[in-house]
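Asks: Quick one: this structure, given as structure tokens, is what I'll be asking you about.
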Amino acid sequence: MGKGARLKKKRRQQVKRPGKRFAELLTKNFQKELRDSEIWDQMVAEFGEEKAEQLLKECKAQVTHKEKI
């Protein structure tokens with residue numbers, strides 16, 4: 001492997017990926033927005049308060065990074 005290929009590989013590995021904290025913030029924001037929406041009222045009516053809370057806590061953001069080739 002030549003110097004150029006090694007440097008290119010190193011640069012690709014240094015790409016900053018969205019962190020765990022970013023996913024947590026997205027999750028909290030989504031859950032807050034969902035609580036303030038009409039869907040929340042429908043969930044509570046259909047499942048009850050406890051089950052709706054449990055379902056809401058299961059909703060988590062998954063952040064992926066698509067690398068350019």
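Following the order of the structure tokens, first chain is A, next is B, and so on, with residues numbered from 1 inside each chain and ligands from 1 in the order they appear.
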Please identify the alpha helix (DSSP H) residues within chain A (assignment by DSSP from backbone atoms) and present them as a ChimeraX atom specification.
Replies: /A:3-13,20-35,38-47,49-58
Asks: Quick one: residues within 10 Å of Ala52 (chain A), only C-alpha atoms, excluding same-chain residues fewer than 3 positions away - as JSON, numbers by chain?
Replies: {"A": [35, 40, 41, 42, 43, 44, 45, 46, 47, 48, 49, 55, 56, 57, 58]}
Asks: Write a file of the just-selected residues containing all heavy atoms, as a CSV table (one decimal), in the first residue's frame.
Replies:
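Written file, result_35.csv:
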```csv
chain,number,residue,atom,x,y,z
A,35,ARG,N,-45.3,13.5,23.1
A,35,ARG,CA,-46.2,13.8,24.2
A,35,ARG,C,-47.1,15.0,23.9
A,35,ARG,O,-48.2,15.0,24.4
A,35,ARG,CB,-45.4,14.0,25.5
A,35,ARG,CG,-45.1,12.8,26.3
A,35,ARG,CD,-44.6,13.2,27.7
A,35,ARG,NE,-44.1,12.0,28.3
A,35,ARG,CZ,-42.8,11.7,28.4
A,35,ARG,NH1,-41.9,12.5,27.8
A,35,ARG,NH2,-42.4,10.6,29.0
A,40,TRP,N,-50.3,11.2,21.2
A,40,TRP,CA,-50.2,10.8,22.6
A,40,TRP,C,-51.6,10.5,23.2
A,40,TRP,O,-51.8,9.6,23.9
A,40,TRP,CB,-49.4,11.8,23.3
A,40,TRP,CG,-49.3,11.5,24.8
A,40,TRP,CD1,-49.8,12.2,25.8
A,40,TRP,CD2,-48.5,10.5,25.3
A,40,TRP,NE1,-49.5,11.6,27.0
A,40,TRP,CE2,-48.6,10.5,26.7
A,40,TRP,CE3,-47.7,9.5,24.8
A,40,TRP,CZ2,-48.0,9.6,27.6
A,40,TRP,CZ3,-47.0,8.6,25.7
A,40,TRP,CH2,-47.2,8.7,27.0
A,41,ASP,N,-52.5,11.4,22.9
A,41,ASP,CA,-53.8,11.3,23.5
A,41,ASP,C,-54.5,10.0,23.0
A,41,ASP,O,-55.2,9.3,23.8
A,41,ASP,CB,-54.7,12.5,23.1
A,41,ASP,CG,-54.2,13.8,23.7
A,41,ASP,OD1,-53.6,13.7,24.8
A,41,ASP,OD2,-54.4,14.8,23.0
A,42,GLN,N,-54.2,9.6,21.7
A,42,GLN,CA,-54.8,8.4,21.2
A,42,GLN,C,-54.1,7.2,21.8
A,42,GLN,O,-54.8,6.2,22.1
A,42,GLN,CB,-54.6,8.3,19.7
A,42,GLN,CG,-55.4,9.4,18.9
A,42,GLN,CD,-55.0,9.4,17.4
A,42,GLN,OE1,-54.1,8.7,17.0
A,42,GLN,NE2,-55.6,10.3,16.7
A,43,MET,N,-52.8,7.3,22.1
A,43,MET,CA,-52.1,6.2,22.7
A,43,MET,C,-52.6,5.9,24.1
A,43,MET,O,-52.8,4.8,24.6
A,43,MET,CB,-50.6,6.4,22.8
A,43,MET,CG,-49.9,6.3,21.4
A,43,MET,SD,-48.2,6.8,21.5
A,43,MET,CE,-47.5,5.5,22.6
A,44,VAL,N,-52.8,7.0,24.9
A,44,VAL,CA,-53.3,6.9,26.3
A,44,VAL,C,-54.7,6.3,26.3
A,44,VAL,O,-55.1,5.5,27.1
A,44,VAL,CB,-53.3,8.3,27.0
A,44,VAL,CG1,-54.0,8.2,28.3
A,44,VAL,CG2,-51.8,8.7,27.2
A,45,ALA,N,-55.6,6.8,25.3
A,45,ALA,CA,-56.9,6.3,25.3
A,45,ALA,C,-56.9,4.8,24.9
A,45,ALA,O,-57.8,4.0,25.5
A,45,ALA,CB,-57.7,7.0,24.2
A,46,GLU,N,-56.0,4.3,24.0
A,46,GLU,CA,-56.0,2.9,23.6
A,46,GLU,C,-55.3,2.0,24.6
A,46,GLU,O,-55.8,0.9,24.9
A,46,GLU,CB,-55.4,2.8,22.2
A,46,GLU,CG,-55.5,1.5,21.6
A,46,GLU,CD,-54.9,1.4,20.2
A,46,GLU,OE1,-54.9,2.5,19.6
A,46,GLU,OE2,-54.5,0.3,19.8
A,47,PHE,N,-54.2,2.4,25.1
A,47,PHE,CA,-53.4,1.6,26.0
A,47,PHE,C,-53.4,1.9,27.4
A,47,PHE,O,-52.9,1.1,28.3
A,47,PHE,CB,-51.9,1.6,25.5
A,47,PHE,CG,-51.7,1.2,24.1
A,47,PHE,CD1,-51.4,2.1,23.1
A,47,PHE,CD2,-51.9,-0.2,23.7
A,47,PHE,CE1,-51.2,1.7,21.8
A,47,PHE,CE2,-51.8,-0.5,22.4
A,47,PHE,CZ,-51.4,0.4,21.4
A,48,GLY,N,-53.8,3.1,27.8
A,48,GLY,CA,-53.7,3.5,29.2
A,48,GLY,C,-52.4,4.2,29.4
A,48,GLY,O,-51.5,4.1,28.7
A,49,GLU,N,-52.4,5.0,30.5
A,49,GLU,CA,-51.2,5.9,30.8
A,49,GLU,C,-49.9,5.1,31.0
A,49,GLU,O,-48.9,5.5,30.4
A,49,GLU,CB,-51.5,6.7,32.1
A,49,GLU,CG,-50.5,7.7,32.4
A,49,GLU,CD,-50.6,9.0,31.5
A,49,GLU,OE1,-51.7,9.3,31.1
A,49,GLU,OE2,-49.5,9.6,31.3
A,55,LEU,N,-44.3,2.4,26.2
A,55,LEU,CA,-44.1,2.4,24.7
A,55,LEU,C,-43.3,3.6,24.3
A,55,LEU,O,-42.4,3.5,23.4
A,55,LEU,CB,-45.5,2.4,24.0
A,55,LEU,CG,-46.3,1.1,24.0
A,55,LEU,CD1,-47.7,1.4,23.5
A,55,LEU,CD2,-45.6,0.0,23.3
A,56,LEU,N,-43.5,4.7,24.9
A,56,LEU,CA,-42.8,5.9,24.6
A,56,LEU,C,-41.3,5.8,25.0
A,56,LEU,O,-40.4,6.2,24.2
A,56,LEU,CB,-43.4,7.1,25.4
A,56,LEU,CG,-42.7,8.5,25.1
A,56,LEU,CD1,-43.0,8.9,23.6
A,56,LEU,CD2,-43.3,9.5,26.0
A,57,LYS,N,-41.0,5.1,26.1
A,57,LYS,CA,-39.6,4.9,26.5
A,57,LYS,C,-38.9,3.9,25.6
A,57,LYS,O,-37.7,4.0,25.5
A,57,LYS,CB,-39.6,4.4,27.9
A,57,LYS,CG,-39.9,5.5,29.0
A,57,LYS,CD,-39.9,4.9,30.4
A,57,LYS,CE,-40.3,6.0,31.3
A,57,LYS,NZ,-40.3,5.5,32.7
A,58,GLU,N,-39.6,3.1,24.9
A,58,GLU,CA,-39.0,2.2,23.9
A,58,GLU,C,-38.6,2.8,22.6
A,58,GLU,O,-37.9,2.3,21.9
A,58,GLU,CB,-40.0,1.0,23.7
A,58,GLU,CG,-40.2,0.1,24.8
A,58,GLU,CD,-41.2,-1.0,24.6
A,58,GLU,OE1,-41.6,-1.2,23.4
A,58,GLU,OE2,-41.5,-1.7,25.6
```
Asks: Would you mind listing what lies within 12 Å of Lys20 (chain A) as a PDB file with C-alpha atoms, in the first residue's frame, with only C-alpha atoms counted and same-chain residues fewer than 6 positions away left out?
Replies:
```pdb
ATOM      1  CA  LEU A  26     -32.734  13.178  19.446  1.00  0.00           C
ATOM      2  CA  THR A  27     -34.583  10.575  21.510  1.00  0.00           C
ATOM      3  CA  LYS A  60     -35.169   5.505  20.699  1.00  0.00           C
ATOM      4  CA  ALA A  61     -33.244   7.262  17.946  1.00  0.00           C
ATOM      5  CA  GLN A  62     -30.681   5.276  16.011  1.00  0.00           C
ATOM      6  CA  VAL A  63     -28.035   7.417  14.382  1.00  0.00           C
ATOM      7  CA  THR A  64     -26.094   5.869  11.527  1.00  0.00           C
TER       8      THR A  64
END
```
Asks: Restricting the calculation to only C-alpha atoms, which member of A:Gln54, A:Cys59, A:Gln13, A:Gly19 is positioned closest to Gln31 (chain A)?
Replies: A:Cys59
Asks: What separation in Å, quoted to one decimal, exists between CA of Phe22 (chain A) and CA of Lys9 (chain A)?
Replies: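 Those two atoms sit 25.6 Å apart.
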Asks: May I ask for the distance between CA of Ala23 (chain A) and CA of Lys10 (chain A), given in Å to one decimal place?
Replies: 25.5 Å
